[in-house]
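**Q** There's a structure below that I have some questions on.
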Amino acid sequence: MLSVFASSEESLAIPIWAVSRVGLDDWLAAQPAAVSTWARANEFKGQAGRVLNIPSPEGVVAAVAFGLGDGDEALIWRALPDSLATGAYRIASHLDAENANRAALGWALGSYRYRRYTKPAKDAPPRLVMPEGVDADDISRIAEGIFLARDLINTPSNDMGPQELTDAAQALAVKFGASLSALIGDELLVHNYPLMHAVGRASPRAPRLIDLRWGDVNAPKVTLVGKGVVFDSGGLDLKPSASMLLMKKDMGGAANVLGLAYMIMDAGLRVRLRVLIPTAENSVSGDSFRPGDILTSRRGLTVEIGNTDAEGRLLLADALTEADTEQPELLIDMATLTGAARTALGPEIPPFFTSDDGLAERLKNYSETQADPMWRMPLWKPYDKDLDSKIADVNNVTSGGMAGAITAALFLQRFVTSTKNWAHFDIYAWNAKSSAGQPVGGEAQAIRAIYALLRDHY
Ligand code: BES
Ligand code: ZN
Ligand code: ZN
């Protein structure tokens with residue numbers, strides 16, 4: 001279990017009262033006079049995320065009141081650990097099973113810190129006694145999967161190249177008894193991944209295709225594909241400084257599918273899992289692929305390069321072609337693919353694309369129950385012709401630049417021809433601004449919802 005949880009025998013655990021705005025009067029009435037006076041004096045009204053330490057007569061923290069506001073923020077508990085001193089805490093208020101699970105998950109998520117390059121923290125984080133009715137193992141595996149994704153994204157590109165990303169996947173494979181193979185550099189040409197090779201060939205850190213397999217070969221096939229661009233300079237269509245600054249996170253799709261794979265394998269779901277990660281650095285050198293080049297993809301389609309900064313879809317095209325040959329029961333790709341997705345929905349809501357209405361409906365439902373935002377956008381057929389090229393089968397960008405997230409998804413769709421259940425997630429993988437329990441930095445998106453969907457189906 002995660003170290004942010006305490007054992008239930010922890011007898012000195014400090015009680016936490018969870019108080020909503022409507023529950024305030026009842027709570028005040030049930031408290032000793034000294035406590036209700038203290039709460040009123042400090043204007044504690046159950047405001048969302050408000051933390052009030054309640055002292056004993058000796059002046060130590062005897063209890064904590066935590067505001068739930070209107071009770072409509074499922075993961076509000078992630079705001080709490082940051083505001084509490086080291087020690088063990090327990091939830092004193094009664095929570096039903098759903099809310100107890102959300103409280104424990106929120107607590108775990110809010111305890112995350114990225115510490116690779118700083119001195120160890122002086123104080124250990126506060127610990128929570130697992131509330132009753134919580135599936136402690138499941139909460140822990142979800143949090144571990146998310147922490148893995150965040151750690152990988154937060155690690156800067158100088159320490160997270162294609163090799164290091166492969167090492168991270170290898171560590172997962174060892175932990176869960178999965179098999180892993182990788183095609184490296186020119187092996188990509190030998191095994192016919194020409195777009196992947198072209199995107200990655202300018203960097204001294206050779207591109208790779210990571211291929212992890214796990215589970216009973218006879219179980220339903222679930223395949224995850226994640227964009228693993230360890231740094232996106234834009235290539236010869238170089239990004240301006242402001243746009244390049246965050247591009248260590250361009251392997252956020254890979255990090256997210258590895259986080260999801262962690263959850264699936266740790267839970268022992270009855271699936272045959274395959275994780276394909278095309279990883280490369282989109283770099284600049286005399287050997288860079290160029291605007292105007294025409295490359296033949298693994299599928300055989302010729303691709304005119306309209307912009308070397310639209311590199312993610314090239315990597316995914318070859319990887320999806322391979323994934324598609326097995327016709328998995330479910331094929332999911334995740335990628336920090338377009339700035340246009342952010343323009344449309346902002347950093348917190350990743351769009352997803354699928355032509356399967358049933359799958360879309362299930363994803364929507366799990367997104368709601370798991371409080372893991374996502375929003376369906378259309379694979380709008382009429383826009384597909386905007387990708388036409390005069391001298392090749394397809395261009396990697398459109399000329400107008402409108403509906404960029406949709407046309408990127410339509411580009412990918414040209415390479416998924418036989419799998420019915422395919423969904424593409426265009427994620428941001430980053431918290432742009434700091435909020436309680438969500439520090440600026442790498443973020444997992446949509447994988448809690450996808451995991452819950454898989455867990456209930458397999
Ligand atoms: N990695 C970027 C997309 C991106 C940018 C994601 C910022 C999140 C934040 C991708 O490789 C890219 O550069 N896409 C271009 C595509 C364009 C050239 C058609 C973009 O979105 O500008
Ligand atoms: Zn790019
Ligand atoms: Zn990119």
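Numbering starts fresh at 1 for the residues of each chain in the structure tokens, the chains themselves are lettered A, B, ... in the order given, and ligands are numbered from 1 as they appear.
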Enumerate as a CSV table (one decimal) with N, CA, C and O atoms, in the first residue's frame the residues within 6 Å of ligand 3, counting only C-alpha atoms and all ligand atoms.

**A**
chain,number,residue,atom,x,y,z
A,232,ASP,N,9.9,17.6,-28.6
A,232,ASP,CA,9.4,18.0,-29.9
A,232,ASP,C,9.9,19.4,-30.2
A,232,ASP,O,9.3,20.4,-29.8
A,250,ASP,N,6.0,15.8,-24.5
A,250,ASP,CA,5.4,15.2,-25.7
A,250,ASP,C,5.4,13.7,-25.8
A,250,ASP,O,5.0,13.1,-26.8
A,311,GLU,N,4.6,15.6,-36.3
A,311,GLU,CA,5.4,14.3,-36.3
A,311,GLU,C,4.7,13.2,-35.5
A,311,GLU,O,4.9,12.0,-35.8
A,312,GLY,N,3.9,13.6,-34.5
A,312,GLY,CA,3.2,12.5,-33.7
A,312,GLY,C,2.4,11.6,-34.5
A,312,GLY,O,2.4,10.4,-34.4
A,337,LEU,N,-1.2,15.4,-29.2
A,337,LEU,CA,-1.1,15.4,-30.7
A,337,LEU,C,-1.3,16.8,-31.3
A,337,LEU,O,-0.5,17.1,-32.2

**Q** Taking only C-alpha atoms and all ligand atoms and a cut-off of 12 Å, can you tell me which residues surround ligand 2, written as a ChimeraX atom specification?

**A** /A:199,227-240,243-244,246-251,280-283,306-315,335-340,396-397,408

**Q** Could you work out how far atom CA of A:Leu258 lies from atom CA of A:Ala149, giving the answer in Å with one decimal?

**A**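 For atom CA of A:Ala149 relative to atom CA of A:Leu258, the distance reads 6.8 Å.
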
**Q** Determine which residues of stretch 260-425 of chain A receive a DSSP assignment of strand (DSSP E or B), computed from the backbone, and state them as an MDAnalysis selection string.

**A** chainID A and resid 272:282 294:296 302:304 330:335 351:353 375:376 394:395 422:425

**Q** Which residues are close to A:Ala100, i.e. within 7 Å by only C-alpha atoms, leaving aside same-chain residues fewer than 5 positions away? Reply as a PyMOL selection string.

**A** chain A and resi 95+131+133-134

**Q** Quick one: pull the distance between atom CA of A:Asp456 and atom CA of A:Asp211, Å, one decimal.

**A** 25.6 Å

**Q** Near A:Arg116, counting only C-alpha atoms, which residues have an atom at most 9 Å away, once you skip same-chain residues fewer than 2 positions from it, shown as a list in words?

**A**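 Non-adjacent residues within range: Tyr114, Thr118, Lys119, Pro120, Asp151 and Thr155 of chain A.
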
**Q** Convert the current residue selection to file output with N, CA, C and O atoms, as a compact mmCIF listing (two decimals), in the first residue's frame.

**A**
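Saved file result_37.txt follows:
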# COMPACT_ATOMS: atom_id res chain seq x y z
N TYR A 114 6.95 15.69 -7.16
CA TYR A 114 8.05 15.25 -8.02
C TYR A 114 9.36 15.70 -7.39
O TYR A 114 9.63 16.89 -7.28
N THR A 118 15.42 17.43 -6.29
CA THR A 118 15.50 18.26 -5.09
C THR A 118 15.87 17.40 -3.90
O THR A 118 15.74 16.18 -3.94
N LYS A 119 16.33 18.05 -2.83
CA LYS A 119 16.69 17.31 -1.62
C LYS A 119 15.43 16.68 -1.03
O LYS A 119 14.34 17.23 -1.17
N PRO A 120 15.56 15.54 -0.36
CA PRO A 120 14.38 14.91 0.23
C PRO A 120 13.66 15.89 1.17
O PRO A 120 14.30 16.68 1.84
N ASP A 151 5.51 11.01 -13.13
CA ASP A 151 6.98 11.00 -13.01
C ASP A 151 7.65 10.99 -14.38
O ASP A 151 8.62 11.70 -14.62
N THR A 155 10.01 14.16 -15.83
CA THR A 155 11.44 14.00 -16.05
C THR A 155 11.85 14.71 -17.33
O THR A 155 11.28 14.47 -18.40

**Q** Tell me which protein, DNA and RNA residues are within 10 Å of A:Ala432, counting only C-alpha atoms, leaving out same-chain ones fewer than 4 positions away, and put them as a compact mmCIF listing (two decimals) with N, CA and C atoms, in the first residue's frame.

**A**
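Contents of out-v9.txt, as written:
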# COMPACT_ATOMS: atom_id res chain seq x y z
N GLY A 346 -9.47 23.39 -23.96
CA GLY A 346 -8.62 23.77 -22.83
C GLY A 346 -7.82 22.60 -22.32
N PRO A 347 -6.94 22.85 -21.35
CA PRO A 347 -6.00 21.81 -20.92
C PRO A 347 -6.62 20.67 -20.10
N GLU A 348 -7.81 20.91 -19.53
CA GLU A 348 -8.33 19.92 -18.57
C GLU A 348 -9.23 18.87 -19.19
N TYR A 428 -3.47 16.61 -23.11
CA TYR A 428 -2.52 17.69 -22.83
C TYR A 428 -1.42 17.18 -21.90
N GLN A 438 -3.02 19.65 -7.10
CA GLN A 438 -2.61 19.43 -8.50
C GLN A 438 -1.52 20.40 -8.88
N PRO A 439 -0.28 20.11 -8.50
CA PRO A 439 0.80 21.04 -8.82
C PRO A 439 1.04 21.13 -10.33
N VAL A 440 1.59 22.26 -10.74
CA VAL A 440 1.98 22.42 -12.15
C VAL A 440 2.91 21.27 -12.51
N GLY A 441 2.65 20.62 -13.64
CA GLY A 441 3.51 19.52 -14.04
C GLY A 441 2.73 18.44 -14.75
N GLY A 442 3.39 17.32 -14.98
CA GLY A 442 2.79 16.23 -15.72
C GLY A 442 1.50 15.75 -15.09
N GLU A 443 0.55 15.33 -15.93
CA GLU A 443 -0.72 14.85 -15.40
C GLU A 443 -1.23 13.68 -16.23

**Q** Go through A:Leu301, A:Arg205, A:Met130, A:Lys175 and flag the residue nearest A:Ser157, using only C-alpha atoms for the distances.

**A** A:Arg205

**Q** Name the residues in contact with A:His191 at a cut-off of 10 Å, using only C-alpha atoms, excluding same-chain residues fewer than 5 positions from it; report them as a compact mmCIF listing (two decimals) with N, CA, C and O atoms, in the first residue's frame.

**A**
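Result went into part29.txt, see below:
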# COMPACT_ATOMS: atom_id res chain seq x y z
N LEU A 183 12.49 -2.36 -31.30
CA LEU A 183 13.22 -2.16 -32.55
C LEU A 183 13.92 -0.81 -32.43
O LEU A 183 13.29 0.18 -32.06
N ASP A 186 17.99 1.81 -37.13
CA ASP A 186 17.83 1.26 -38.48
C ASP A 186 17.01 -0.02 -38.52
O ASP A 186 16.49 -0.41 -39.59
N ARG A 298 4.31 2.40 -43.35
CA ARG A 298 4.20 0.95 -43.18
C ARG A 298 3.00 0.39 -43.93
O ARG A 298 3.07 -0.67 -44.52

**Q** Check the smallest atom-to-atom distance from each of A:Arg376, A:Arg50, A:Arg342, A:Arg270 to ligand 1 using only C-alpha atoms and all ligand atoms, then report the winner.

**A**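 Among the listed residues, A:Arg342 lies closest to ligand 1.
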
**Q** Separation of atom CA of A:Pro278 and atom CA of A:Gly358, in Å?

**A**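 Between these atoms lies a distance of 28.3 Å.
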
**Q** With distances taken over only C-alpha atoms and all ligand atoms, which of A:Gly110, A:Gly23, A:Pro378, A:Pro350 is nearest to ligand 1?

**A**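 Result for the nearest residue to ligand 1: A:Pro350.
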
**Q** Pick from A:Arg414, A:Arg201, A:Arg150, A:Lys221: nearest to A:Leu387, with only C-alpha atoms counted?

**A**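 Of all the options, A:Arg414 lies closest to A:Leu387.
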
**Q** Here is a test: counting only C-alpha atoms and all ligand atoms, which residue of A:Phe425, A:Trp38, A:Trp380, A:Trp107 is nearest to ligand 1?

**A**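 Smallest separation from ligand 1 among the options: A:Phe425.
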